>>> print(open('protein04.txt').read())   # compact mmCIF, C-alpha atoms
# COMPACT_ATOMS: atom_id res chain seq x y z
CA MET M 1 0.00 0.00 0.00
CA THR M 2 1.09 3.59 -0.64
CA GLY M 3 -0.01 6.99 0.63
CA THR M 4 -2.76 7.30 -1.96
CA ASP M 5 -4.42 4.17 -0.53
CA PHE M 6 -4.90 6.02 2.76
CA VAL M 7 -6.86 8.94 1.27
CA PRO M 8 -10.55 8.24 2.10
CA LEU M 9 -13.16 8.65 -0.60
CA ALA M 10 -16.20 9.23 1.62
CA TYR M 11 -17.53 8.50 5.09
CA SER M 12 -20.73 6.58 5.71
CA ASN M 13 -21.45 7.90 9.22
CA ASN M 14 -21.94 11.29 10.86
CA VAL M 15 -20.39 11.61 14.35
CA ALA M 16 -21.11 14.70 16.46
CA ASN M 17 -18.91 14.17 19.51
CA GLY M 18 -17.15 11.58 21.59
CA LYS M 19 -14.03 10.54 23.47
CA ILE M 20 -11.33 7.96 22.67
CA THR M 21 -8.33 6.76 24.72
CA TRP M 22 -5.32 4.75 23.57
CA LYS M 23 -2.21 3.64 25.44
CA SER M 24 0.76 3.22 23.12
CA PRO M 25 4.27 2.04 24.03
CA SER M 26 7.69 3.26 23.08
CA ASN M 27 10.08 0.95 21.22
CA ILE M 28 13.80 0.32 21.03
CA ALA M 29 15.48 -0.21 17.65
CA LEU M 30 17.87 -3.13 17.27
CA VAL M 31 18.87 -2.16 13.73
CA LYS M 32 18.86 1.63 13.87
CA TYR M 33 17.03 4.08 11.63
CA TRP M 34 19.32 7.08 11.17
CA GLY M 35 18.86 9.39 8.23
CA LYS M 36 15.66 10.22 6.38
CA LYS M 37 14.43 11.51 3.05
CA GLU M 38 11.49 13.79 2.26
CA ASN M 39 8.13 13.05 3.91
CA GLN M 40 9.62 11.06 6.79
CA ILE M 41 10.88 8.26 4.53
CA PRO M 42 13.73 6.32 6.17
CA ALA M 43 17.13 6.17 4.51
CA ASN M 44 17.51 2.58 5.73
CA PRO M 45 15.28 -0.16 7.16
CA SER M 46 15.10 -0.84 10.89
CA VAL M 47 13.73 -3.43 13.30
CA SER M 48 12.68 -2.86 16.89
CA PHE M 49 11.40 -4.47 20.06
CA THR M 50 8.11 -2.92 21.13
CA LEU M 51 8.22 -2.07 24.84
CA ASP M 52 5.49 -2.44 27.44
CA THR M 53 5.98 -0.28 30.55
CA CYS M 54 7.24 2.89 28.83
CA ALA M 55 4.03 4.17 27.27
CA THR M 56 1.92 7.24 26.59
CA THR M 57 -1.80 7.36 27.31
CA THR M 58 -3.71 9.83 25.16
CA THR M 59 -7.38 10.78 25.33
CA VAL M 60 -8.90 12.75 22.47
CA SER M 61 -12.30 14.36 23.07
CA TYR M 62 -13.93 15.75 19.94
CA ARG M 63 -16.88 18.00 19.20
CA LYS M 64 -18.13 18.78 15.72
CA LEU M 65 -18.04 22.47 14.81
CA GLU M 66 -21.03 24.23 13.32
CA GLU M 67 -18.98 24.91 10.22
CA GLU M 68 -15.52 23.88 9.02
CA GLY M 69 -12.77 26.06 10.46
CA ASN M 70 -10.02 27.79 8.54
CA ASP M 71 -7.44 26.22 10.81
CA PHE M 72 -7.13 23.30 13.20
CA SER M 73 -8.92 23.73 16.52
CA PHE M 74 -7.44 21.93 19.51
CA ASP M 75 -6.48 22.25 23.15
CA LEU M 76 -3.54 20.28 24.52
CA LEU M 77 -3.05 19.12 28.10
CA PHE M 78 0.02 17.25 29.31
CA GLU M 79 -0.51 15.53 32.65
CA GLY M 80 -3.50 17.76 33.32
CA LYS M 81 -1.91 21.11 32.46
CA PRO M 82 -1.78 23.15 29.23
CA LYS M 83 1.46 22.51 27.35
CA GLU M 84 2.00 25.28 24.79
CA SER M 85 5.46 23.98 23.85
CA PHE M 86 3.83 20.86 22.34
CA ARG M 87 1.47 22.82 20.07
CA PRO M 88 3.87 23.41 17.14
CA LYS M 89 4.59 19.69 16.78
CA ILE M 90 0.88 18.81 16.84
CA LEU M 91 0.12 21.58 14.35
CA THR M 92 2.84 20.31 11.99
CA PHE M 93 1.46 16.80 12.34
CA PHE M 94 -2.10 17.89 11.56
CA LYS M 95 -0.90 19.71 8.44
CA ARG M 96 0.95 16.61 7.25
CA VAL M 97 -1.98 14.24 7.78
CA GLU M 98 -4.94 16.47 6.77
CA LYS M 99 -4.95 14.95 3.29
CA TYR M 100 -5.49 11.51 4.86
CA LEU M 101 -7.86 12.67 7.63
CA PRO M 102 -10.03 15.29 5.90
CA PHE M 103 -12.33 15.61 8.93
CA LEU M 104 -9.68 17.35 11.06
CA LYS M 105 -10.99 20.89 10.51
CA LEU M 106 -14.56 19.80 11.16
CA TYR M 107 -13.95 19.19 14.87
CA HIS M 108 -12.56 20.82 17.97
CA PHE M 109 -10.22 18.42 19.76
CA THR M 110 -9.11 18.30 23.38
CA ILE M 111 -5.95 16.20 23.55
CA GLU M 112 -4.99 14.97 27.03
CA THR M 113 -1.75 13.03 27.28
CA SER M 114 0.48 11.57 29.98
CA ASN M 115 3.50 9.28 30.14
CA SER M 116 4.09 6.27 32.37
CA PHE M 117 7.68 7.49 32.72
CA PRO M 118 8.84 10.92 33.95
CA HIS M 119 8.86 13.44 31.09
CA SER M 120 12.35 14.55 32.13
CA SER M 121 13.69 10.99 32.35
CA GLY M 122 15.60 11.15 29.09
CA ILE M 123 13.32 8.55 27.48
CA ALA M 124 12.07 9.73 24.09
CA SER M 125 8.29 10.09 24.17
CA SER M 126 7.72 11.00 20.51
CA ALA M 127 7.27 7.36 19.42
CA SER M 128 4.69 6.55 22.09
CA GLY M 129 3.05 9.99 21.95
CA MET M 130 2.58 10.29 18.20
CA SER M 131 1.43 6.68 17.84
CA ALA M 132 -1.16 7.14 20.61
CA LEU M 133 -2.50 10.29 18.97
CA SER M 134 -2.62 8.62 15.55
CA LEU M 135 -4.59 5.70 16.99
CA CYS M 136 -7.12 8.06 18.59
CA LEU M 137 -7.66 9.83 15.27
CA MET M 138 -7.97 6.49 13.49
CA SER M 139 -10.62 5.40 16.00
CA LEU M 140 -12.63 8.50 15.11
CA GLU M 141 -12.22 7.71 11.41
CA LYS M 142 -13.43 4.16 12.06
CA GLU M 143 -16.57 5.63 13.67
CA LEU M 144 -17.04 7.65 10.50
CA HIS M 145 -16.36 4.56 8.38
CA PRO M 146 -17.25 1.43 10.43
CA GLU M 147 -16.55 -0.95 7.51
CA MET M 148 -12.79 -0.36 7.95
CA SER M 149 -10.80 -3.59 8.44
CA GLU M 150 -8.41 -4.11 11.33
CA GLU M 151 -5.49 -4.60 8.92
CA TYR M 152 -6.21 -1.30 7.17
CA PHE M 153 -6.69 0.43 10.55
CA ASN M 154 -3.26 -0.69 11.82
CA LYS M 155 -1.44 0.09 8.58
CA LYS M 156 -2.94 3.56 8.33
CA ALA M 157 -2.28 4.25 12.03
CA SER M 158 1.38 3.32 11.48
CA PHE M 159 1.48 5.45 8.31
CA LEU M 160 0.08 8.49 10.16
CA ALA M 161 2.35 7.97 13.18
CA ARG M 162 5.39 7.99 10.86
CA LEU M 163 4.38 11.47 9.66
CA GLY M 164 4.50 12.63 13.29
CA SER M 165 7.71 10.86 14.31
CA GLY M 166 9.47 8.25 12.20
CA SER M 167 10.00 5.65 14.91
CA ALA M 168 6.38 6.04 16.09
CA CYS M 169 5.24 3.84 13.21
CA ARG M 170 6.89 0.87 14.98
CA SER M 171 4.80 1.33 18.17
CA ILE M 172 1.34 0.35 16.85
CA GLU M 173 1.90 -3.40 17.12
CA GLY M 174 4.54 -5.78 18.48
CA ASP M 175 6.58 -7.59 19.55
CA LEU M 176 9.10 -7.26 16.71
CA MET M 177 8.40 -4.53 14.15
CA GLU M 178 10.20 -3.78 10.92
CA TRP M 179 10.03 -0.50 9.02
CA GLY M 180 11.66 0.44 5.74
CA LEU M 181 11.94 -1.19 2.34
CA HIS M 182 14.24 -4.20 2.54
CA GLY M 183 14.82 -6.57 -0.34
CA ASP M 184 14.95 -9.65 1.89
CA THR M 185 11.72 -8.90 3.79
CA GLU M 186 8.44 -9.68 2.09
CA GLY M 187 5.86 -6.93 2.58
CA SER M 188 8.32 -4.36 3.93
CA SER M 189 7.49 -0.71 3.30
CA ASN M 190 8.89 2.78 3.77
CA GLU M 191 5.34 4.02 4.42
CA TYR M 192 4.51 2.02 7.57
CA ALA M 193 5.90 -0.67 9.84
CA ILE M 194 4.97 -4.35 9.61
CA LYS M 195 5.06 -7.15 12.14
CA TYR M 196 8.29 -9.09 11.62
CA PRO M 197 7.14 -11.79 9.18
CA TYR M 198 9.65 -14.59 9.79
CA PRO M 199 10.13 -17.24 12.53
CA VAL M 200 11.35 -16.01 15.92
CA HIS M 201 12.79 -18.40 18.51
CA ASP M 202 11.14 -18.57 21.92
CA VAL M 203 14.28 -17.21 23.60
CA PHE M 204 13.41 -13.78 22.17
CA LYS M 205 9.94 -13.83 23.71
CA ASN M 206 9.55 -11.82 26.93
CA TYR M 207 12.97 -10.27 26.40
CA GLN M 208 13.88 -7.87 29.19
CA ASP M 209 14.95 -4.23 28.80
CA THR M 210 16.24 -2.34 31.83
CA ILE M 211 16.74 1.31 30.88
CA LEU M 212 19.54 2.99 32.83
CA LEU M 213 18.93 6.74 33.08
CA VAL M 214 22.47 8.04 32.82
CA ASP M 215 21.53 11.59 31.86
CA LYS M 216 18.00 12.98 32.15
CA GLY M 217 18.83 16.34 30.60
CA GLN M 218 17.43 17.70 27.36
CA LYS M 219 18.81 16.19 24.19
CA GLN M 220 22.03 17.81 23.00
CA VAL M 221 20.83 17.41 19.42
CA SER M 222 17.25 16.82 18.26
CA SER M 223 16.44 13.71 16.26
CA THR M 224 15.48 15.85 13.26
CA VAL M 225 18.86 17.60 13.26
CA GLY M 226 20.63 14.27 13.78
CA HIS M 227 18.89 12.64 10.84
CA ASP M 228 19.65 15.64 8.62
CA LEU M 229 23.35 15.28 9.41
CA MET M 230 23.36 12.06 7.37
CA HIS M 231 22.91 14.14 4.19
CA GLY M 232 26.40 14.38 2.75
CA HIS M 233 27.89 12.32 5.59
CA PRO M 234 31.15 10.70 4.37
CA PHE M 235 30.10 7.27 5.67
CA ALA M 236 26.35 7.46 4.96
CA GLU M 237 26.15 4.95 2.11
CA GLN M 238 28.28 2.40 3.97
CA ARG M 239 26.04 2.83 7.01
CA PHE M 240 22.83 2.34 5.03
CA SER M 241 24.32 -0.77 3.42
CA GLN M 242 25.34 -2.09 6.85
CA ALA M 243 21.76 -1.74 8.11
CA HIS M 244 20.44 -3.83 5.20
CA THR M 245 23.11 -6.47 5.80
CA ASN M 246 22.45 -6.65 9.53
CA LEU M 247 18.72 -6.97 8.97
CA THR M 248 19.35 -9.90 6.65
CA LYS M 249 21.70 -11.53 9.20
CA LEU M 250 19.07 -11.20 11.93
CA ARG M 251 16.71 -13.50 10.04
CA SER M 252 18.73 -16.61 10.94
CA VAL M 253 19.63 -15.17 14.35
CA PHE M 254 15.95 -14.78 15.29
CA ALA M 255 14.99 -18.15 13.81
CA ASN M 256 17.74 -20.14 15.53
CA GLY M 257 17.83 -18.33 18.89
CA ASP M 258 21.44 -17.31 18.22
CA LEU M 259 22.05 -15.05 21.22
CA ASP M 260 25.74 -14.53 20.45
CA GLY M 261 24.88 -13.39 16.92
CA PHE M 262 22.14 -11.15 18.33
CA ILE M 263 24.59 -9.47 20.73
CA LYS M 264 27.15 -8.76 17.99
CA ILE M 265 24.63 -7.12 15.69
CA VAL M 266 22.74 -5.14 18.35
CA GLU M 267 25.83 -3.71 20.06
CA SER M 268 27.51 -2.94 16.73
CA GLU M 269 24.39 -1.09 15.59
CA ALA M 270 24.33 0.99 18.78
CA LEU M 271 27.97 1.97 18.47
CA THR M 272 27.63 2.69 14.75
CA LEU M 273 24.77 5.10 15.47
CA HIS M 274 27.03 7.07 17.79
CA ALA M 275 29.97 6.79 15.37
CA MET M 276 27.81 8.49 12.73
CA MET M 277 27.19 11.41 15.09
CA MET M 278 30.83 11.66 16.07
CA THR M 279 31.90 11.84 12.41
CA SER M 280 29.24 14.24 11.09
CA LEU M 281 29.66 18.00 10.66
CA PRO M 282 28.87 19.42 13.13
CA TYR M 283 29.83 16.46 15.32
CA PHE M 284 28.44 15.34 18.66
CA ILE M 285 29.43 12.99 21.44
CA LEU M 286 26.17 12.01 23.10
CA MET M 287 27.56 9.28 25.32
CA LYS M 288 28.65 10.34 28.81
CA PRO M 289 31.55 8.92 30.86
CA ASN M 290 29.04 6.81 32.80
CA THR M 291 27.68 5.39 29.54
CA LEU M 292 31.13 4.02 28.78
CA GLU M 293 31.55 2.74 32.33
CA ILE M 294 28.30 0.79 32.00
CA ILE M 295 29.28 -0.66 28.62
CA ASN M 296 32.62 -1.86 29.98
CA LYS M 297 30.92 -3.35 33.04
CA ILE M 298 28.50 -5.26 30.78
CA TRP M 299 31.36 -6.62 28.67
CA SER M 300 33.28 -7.69 31.78
CA PHE M 301 30.23 -9.36 33.35
CA ARG M 302 29.42 -11.20 30.12
CA GLU M 303 32.96 -12.55 29.84
CA ARG M 304 33.02 -13.53 33.51
CA THR M 305 29.66 -15.30 33.62
CA ASN M 306 28.90 -16.34 30.01
CA SER M 307 25.67 -14.38 30.35
CA HIS M 308 23.89 -13.12 27.24
CA VAL M 309 23.28 -9.61 28.56
CA CYS M 310 23.97 -6.85 26.03
CA PHE M 311 23.30 -3.16 25.51
CA THR M 312 21.84 -0.84 22.96
CA LEU M 313 21.65 2.95 22.84
CA ASP M 314 19.37 5.57 21.39
CA ALA M 315 20.70 8.97 20.33
CA GLY M 316 21.65 9.88 23.89
CA ALA M 317 23.52 8.76 26.98
CA ASN M 318 21.01 6.30 28.44
CA VAL M 319 21.67 2.57 28.17
CA HIS M 320 19.11 -0.11 27.36
CA VAL M 321 20.28 -3.36 28.97
CA LEU M 322 18.79 -6.29 27.04
CA TYR M 323 18.70 -9.89 28.29
CA PRO M 324 16.61 -13.05 27.95
CA GLU M 325 13.96 -13.80 30.56
CA ALA M 326 15.81 -16.97 31.65
CA GLU M 327 18.69 -14.78 32.89
CA LYS M 328 16.48 -12.22 34.59
CA ASP M 329 17.51 -12.95 38.18
CA ILE M 330 21.28 -12.97 37.70
CA VAL M 331 21.33 -9.96 35.35
CA TYR M 332 19.00 -7.88 37.50
CA GLN M 333 21.22 -8.54 40.52
CA PHE M 334 24.23 -7.43 38.45
CA ILE M 335 22.38 -4.25 37.43
CA LYS M 336 21.56 -3.39 41.04
CA ASN M 337 25.04 -4.26 42.32
CA GLU M 338 27.21 -2.71 39.60
CA LEU M 339 25.30 -0.49 37.18
CA VAL M 340 22.75 1.56 39.13
CA ALA M 341 25.60 3.56 40.66
CA TYR M 342 26.19 5.11 37.21
CA CYS M 343 22.57 6.28 36.83
CA GLU M 344 21.51 9.84 37.58
CA ASN M 345 20.00 9.73 41.08
CA GLY M 346 20.14 5.93 40.84
CA GLN M 347 17.15 5.90 38.50
CA TYR M 348 16.29 3.15 36.05
CA ILE M 349 13.17 1.61 34.45
CA CYS M 350 12.45 -2.11 34.21
CA ASP M 351 10.63 -2.93 30.99
CA VAL M 352 9.84 -6.00 28.92
CA ILE M 353 8.95 -6.68 25.33
CA GLY M 354 5.32 -5.78 24.66
CA TYR M 355 2.71 -6.45 22.01
CA GLY M 356 1.60 -3.03 20.88
CA ALA M 357 -0.92 -0.34 21.69
CA LYS M 358 -4.17 -0.94 23.57
CA LYS M 359 -7.49 0.87 23.33
CA MET M 360 -8.60 1.83 26.83
>>> encode(input="protein04.txt", output="structure tokens")
Amino acid sequence: MTGTDFVPLAYSNNVANGKITWKSPSNIALVKYWGKKENQIPANPSVSFTLDTCATTTTVSYRKLEEEGNDFSFDLLFEGKPKESFRPKILTFFKRVEKYLPFLKLYHFTIETSNSFPHSSGIASSASGMSALSLCLMSLEKELHPEMSEEYFNKKASFLARLGSGSACRSIEGDLMEWGLHGDTEGSSNEYAIKYPYPVHDVFKNYQDTILLVDKGQKQVSSTVGHDLMHGHPFAEQRFSQAHTNLTKLRSVFANGDLDGFIKIVESEALTLHAMMMTSLPYFILMKPNTLEIINKIWSFRERTNSHVCFTLDAGANVHVLYPEAEKDIVYQFIKNELVAYCENGQYICDVIGYGAKKM
């Protein structure tokens, strides 16, 4: 399906008002998306674990206007209080998706949103936030067009979420989501994410993710700026090629339960992401000294115990510690004994692989 398939022809119902709530999780990429083209199209494919605990809950109340407005009409509340700083992003999103949701100027919306994790925790909320909002708007469209199939609903929700925040398209479903055109993945698309379509060994079910909050400060560089730095980057093409190769390698890794192969690819991807930022112009070092301390501790523990604990990173200093459920007790004890000391105020979040957004 392409963007034109998501432009509705007509609605069969008339809906005056209502209220919809969705809870949508964040996700953590294993093969990283870094670099994008026009219209939020990824420069390379990615695959991610959907999370469970780290989520955004969004309620959209809507009331039909007496006549269509010239602009979008909405109020925005974050954790019960007006949040003017969020308005520009929502406005940009509405402009991008109006073609696909032509009812937007027919209603006044009250958008109430909150996160299960502290807003200042250093955990990116754009994936969970924009996916939750997209799902609420899709639920309204389904009221206007009740014949809509579940498959179409999920694909269009992912498509819309991508236009708000690229990685948000991977938060609609779970547990493994792939986004971006990839020659070795049937059904893959740049327009929306798909559920990973190939066999996955049981060892990757209920995978654990403990997020170590090394630095809760504001991002040194926004994701948009970071992605733009891949234009003209001296190593961009090699990086994009590497992502395709790693995604292909993961097919046998997932199928066979190859934890050693998983660790090599996931940690290499994390370090490559940061290498791209360190070699761009302008350049950034987003890891902190404590990030490196944690990485070295993980490597030492793995060598000492033959554990299959590993790490991945987003575009920041925080560390996602990944490990199979069977090793939960020993790894969690290691985290408490050796890694929490490197977290800001000793803070961390225990999460687990989840299965997508839920209507509340």
>>> residues_around(input="protein04.txt", residues="M:Thr245", least_positions_apart="3", cutoff="12 Å", atoms="all atoms listed in the file", output="ChimeraX atom specification")
/M:31,44-46,182-185,238-242,248-251,265,269
>>> atom_distance(input="protein04.txt", atom1="atom CA of M:Trp22", atom2="atom CA of M:Thr50")
15.7 Å
>>> closest_residue(input="protein04.txt", among="M:Cys54, M:Leu339, M:Leu313, M:Leu176", to="M:His201", atoms="all atoms listed in the file")
M:Leu176
>>> closest_residue(input="protein04.txt", among="M:Gly354, M:Gly261, M:Pro25, M:Gly232", to="M:Asn246", atoms="only C-alpha atoms")
M:Gly261
>>> residues_around(input="protein04.txt", residues="M:Ser12", least_positions_apart="5", cutoff="9 Å", atoms="only C-alpha atoms", output="PyMOL selection string")
chain M and resi 144-147
>>> closest_residue(input="protein04.txt", among="M:Ser165, M:Thr59, M:Asn318, M:Ser48", to="M:Ile353", atoms="all atoms listed in the file")
M:Ser48
>>> atom_distance(input="protein04.txt", atom1="atom CA of M:Ser134", atom2="atom CA of M:Glu84")
19.6 Å
>>> closest_residue(input="protein04.txt", among="M:Lys358, M:Lys23, M:Lys36, M:Lys288", to="M:Ser223", atoms="all atoms listed in the file")
M:Lys36
>>> closest_residue(input="protein04.txt", among="M:Phe334, M:Phe235, M:Tyr355, M:Phe254", to="M:Ser171", atoms="all atoms listed in the file")
M:Tyr355
>>> atom_distance(input="protein04.txt", atom1="atom CA of M:Lys95", atom2="atom CA of M:Met148")
23.3 Å
>>> closest_residue(input="protein04.txt", among="M:Lys64, M:Lys336, M:His108, M:Lys264", to="M:Leu30", atoms="all atoms listed in the file")
M:Lys264
>>> residues_around(input="protein04.txt", residues="stretch 342-350 of chain M", least_positions_apart="3", cutoff="10 Å", atoms="all atoms listed in the file", output="PyMOL selection string")
chain M and resi 52-54+117+121+123+208-217+289-294+318-321+332+335-336+338-339
>>> residues_around(input="protein04.txt", residues="M:Phe204", least_positions_apart="4", cutoff="9 Å", atoms="all atoms listed in the file", output="list of chain:residue names")
M:Val200, M:Phe254, M:Gly257, M:Leu259, M:Tyr323, M:Pro324, M:Glu325, M:Ile353
>>> residues_around(input="protein04.txt", residues="M:Thr272", least_positions_apart="5", cutoff="9 Å", atoms="only C-alpha atoms", output="ChimeraX atom specification")
/M:32,239,267,277
>>> closest_atom_pairs(input="protein04.txt", of="stretch 134-181 of chain M", to="stretch 194-198 of chain M", cutoff="9 Å", atoms="all atoms listed in the file", output="CSV")
residue,atom,partner,partner_atom,distance
M:Lys155,CA,M:Ile194,CA,7.9
M:Ser158,CA,M:Ile194,CA,8.7
M:Cys169,CA,M:Ile194,CA,9.0
M:Arg170,CA,M:Ile194,CA,7.7
M:Glu173,CA,M:Lys195,CA,7.0
M:Gly174,CA,M:Lys195,CA,6.5
M:Asp175,CA,M:Lys195,CA,7.6
M:Leu176,CA,M:Tyr196,CA,5.5
M:Met177,CA,M:Lys195,CA,4.7
M:Glu178,CA,M:Ile194,CA,5.4
M:Trp179,CA,M:Ile194,CA,6.4
>>> write_last_selection(input="protein04.txt", atoms="C-alpha atoms", output="mmCIF file, in the frame of the given file")
data_model
loop_
_atom_site.group_PDB
_atom_site.id
_atom_site.type_symbol
_atom_site.label_atom_id
_atom_site.label_comp_id
_atom_site.auth_asym_id
_atom_site.auth_seq_id
_atom_site.Cartn_x
_atom_site.Cartn_y
_atom_site.Cartn_z
ATOM 1 C CA LYS M 155 -1.440 0.090 8.580
ATOM 2 C CA SER M 158 1.380 3.320 11.480
ATOM 3 C CA CYS M 169 5.240 3.840 13.210
ATOM 4 C CA ARG M 170 6.890 0.870 14.980
ATOM 5 C CA GLU M 173 1.900 -3.400 17.120
ATOM 6 C CA GLY M 174 4.540 -5.780 18.480
ATOM 7 C CA ASP M 175 6.580 -7.590 19.550
ATOM 8 C CA LEU M 176 9.100 -7.260 16.710
ATOM 9 C CA MET M 177 8.400 -4.530 14.150
ATOM 10 C CA GLU M 178 10.200 -3.780 10.920
ATOM 11 C CA TRP M 179 10.030 -0.500 9.020
#
>>> axis_aligned_box(input="protein04.txt", around="stretch 61-73 of chain M", padding_each_side="6 Å", output="AutoDock Vina command-line options")
--center_x -14.1 --center_y 21.1 --center_z 15.8 --size_x 25.9 --size_y 25.4 --size_z 26.5
>>> decode(input="protein04.txt", residues="stretch 178-196 of chain M", atoms="N, CA and C atoms", output="compact mmCIF listing (two decimals), in the first residue's frame")
# COMPACT_ATOMS: atom_id res chain seq x y z
N GLU M 178 9.21 -4.19 11.92
CA GLU M 178 10.20 -3.78 10.92
C GLU M 178 9.62 -2.64 10.08
N TRP M 179 10.46 -1.66 9.82
CA TRP M 179 10.03 -0.50 9.02
C TRP M 179 11.13 -0.18 8.02
N GLY M 180 10.72 0.06 6.79
CA GLY M 180 11.66 0.44 5.74
C GLY M 180 11.78 -0.66 4.70
N LEU M 181 11.86 -0.25 3.45
CA LEU M 181 11.94 -1.19 2.34
C LEU M 181 13.23 -1.98 2.43
N HIS M 182 13.08 -3.31 2.43
CA HIS M 182 14.24 -4.20 2.54
C HIS M 182 14.03 -5.37 1.61
N GLY M 183 14.97 -5.57 0.70
CA GLY M 183 14.82 -6.57 -0.34
C GLY M 183 14.59 -7.98 0.16
N ASP M 184 15.08 -8.30 1.35
CA ASP M 184 14.95 -9.65 1.89
C ASP M 184 13.76 -9.81 2.82
N THR M 185 12.90 -8.80 2.92
CA THR M 185 11.72 -8.90 3.79
C THR M 185 10.46 -8.68 2.98
N GLU M 186 9.69 -9.75 2.84
CA GLU M 186 8.44 -9.68 2.09
C GLU M 186 7.46 -8.75 2.79
N GLY M 187 6.87 -7.84 2.04
CA GLY M 187 5.86 -6.93 2.58
C GLY M 187 6.42 -5.69 3.24
N SER M 188 7.73 -5.53 3.27
CA SER M 188 8.32 -4.36 3.93
C SER M 188 7.98 -3.09 3.17
N SER M 189 7.94 -1.97 3.90
CA SER M 189 7.49 -0.71 3.30
C SER M 189 8.18 0.46 3.98
N ASN M 190 8.43 1.51 3.21
CA ASN M 190 8.89 2.78 3.77
C ASN M 190 7.74 3.56 4.40
N GLU M 191 6.50 3.22 4.04
CA GLU M 191 5.34 4.02 4.42
C GLU M 191 4.82 3.69 5.82
N TYR M 192 5.02 2.46 6.27
CA TYR M 192 4.51 2.02 7.57
C TYR M 192 5.32 0.82 8.02
N ALA M 193 5.20 0.49 9.29
CA ALA M 193 5.90 -0.67 9.84
C ALA M 193 5.03 -1.91 9.69
N ILE M 194 5.69 -3.07 9.66
CA ILE M 194 4.97 -4.35 9.61
C ILE M 194 5.46 -5.23 10.76
N LYS M 195 4.61 -6.17 11.18
CA LYS M 195 5.06 -7.15 12.14
C LYS M 195 6.12 -8.02 11.48
N TYR M 196 7.20 -8.30 12.19
CA TYR M 196 8.29 -9.09 11.62
C TYR M 196 7.73 -10.41 11.10
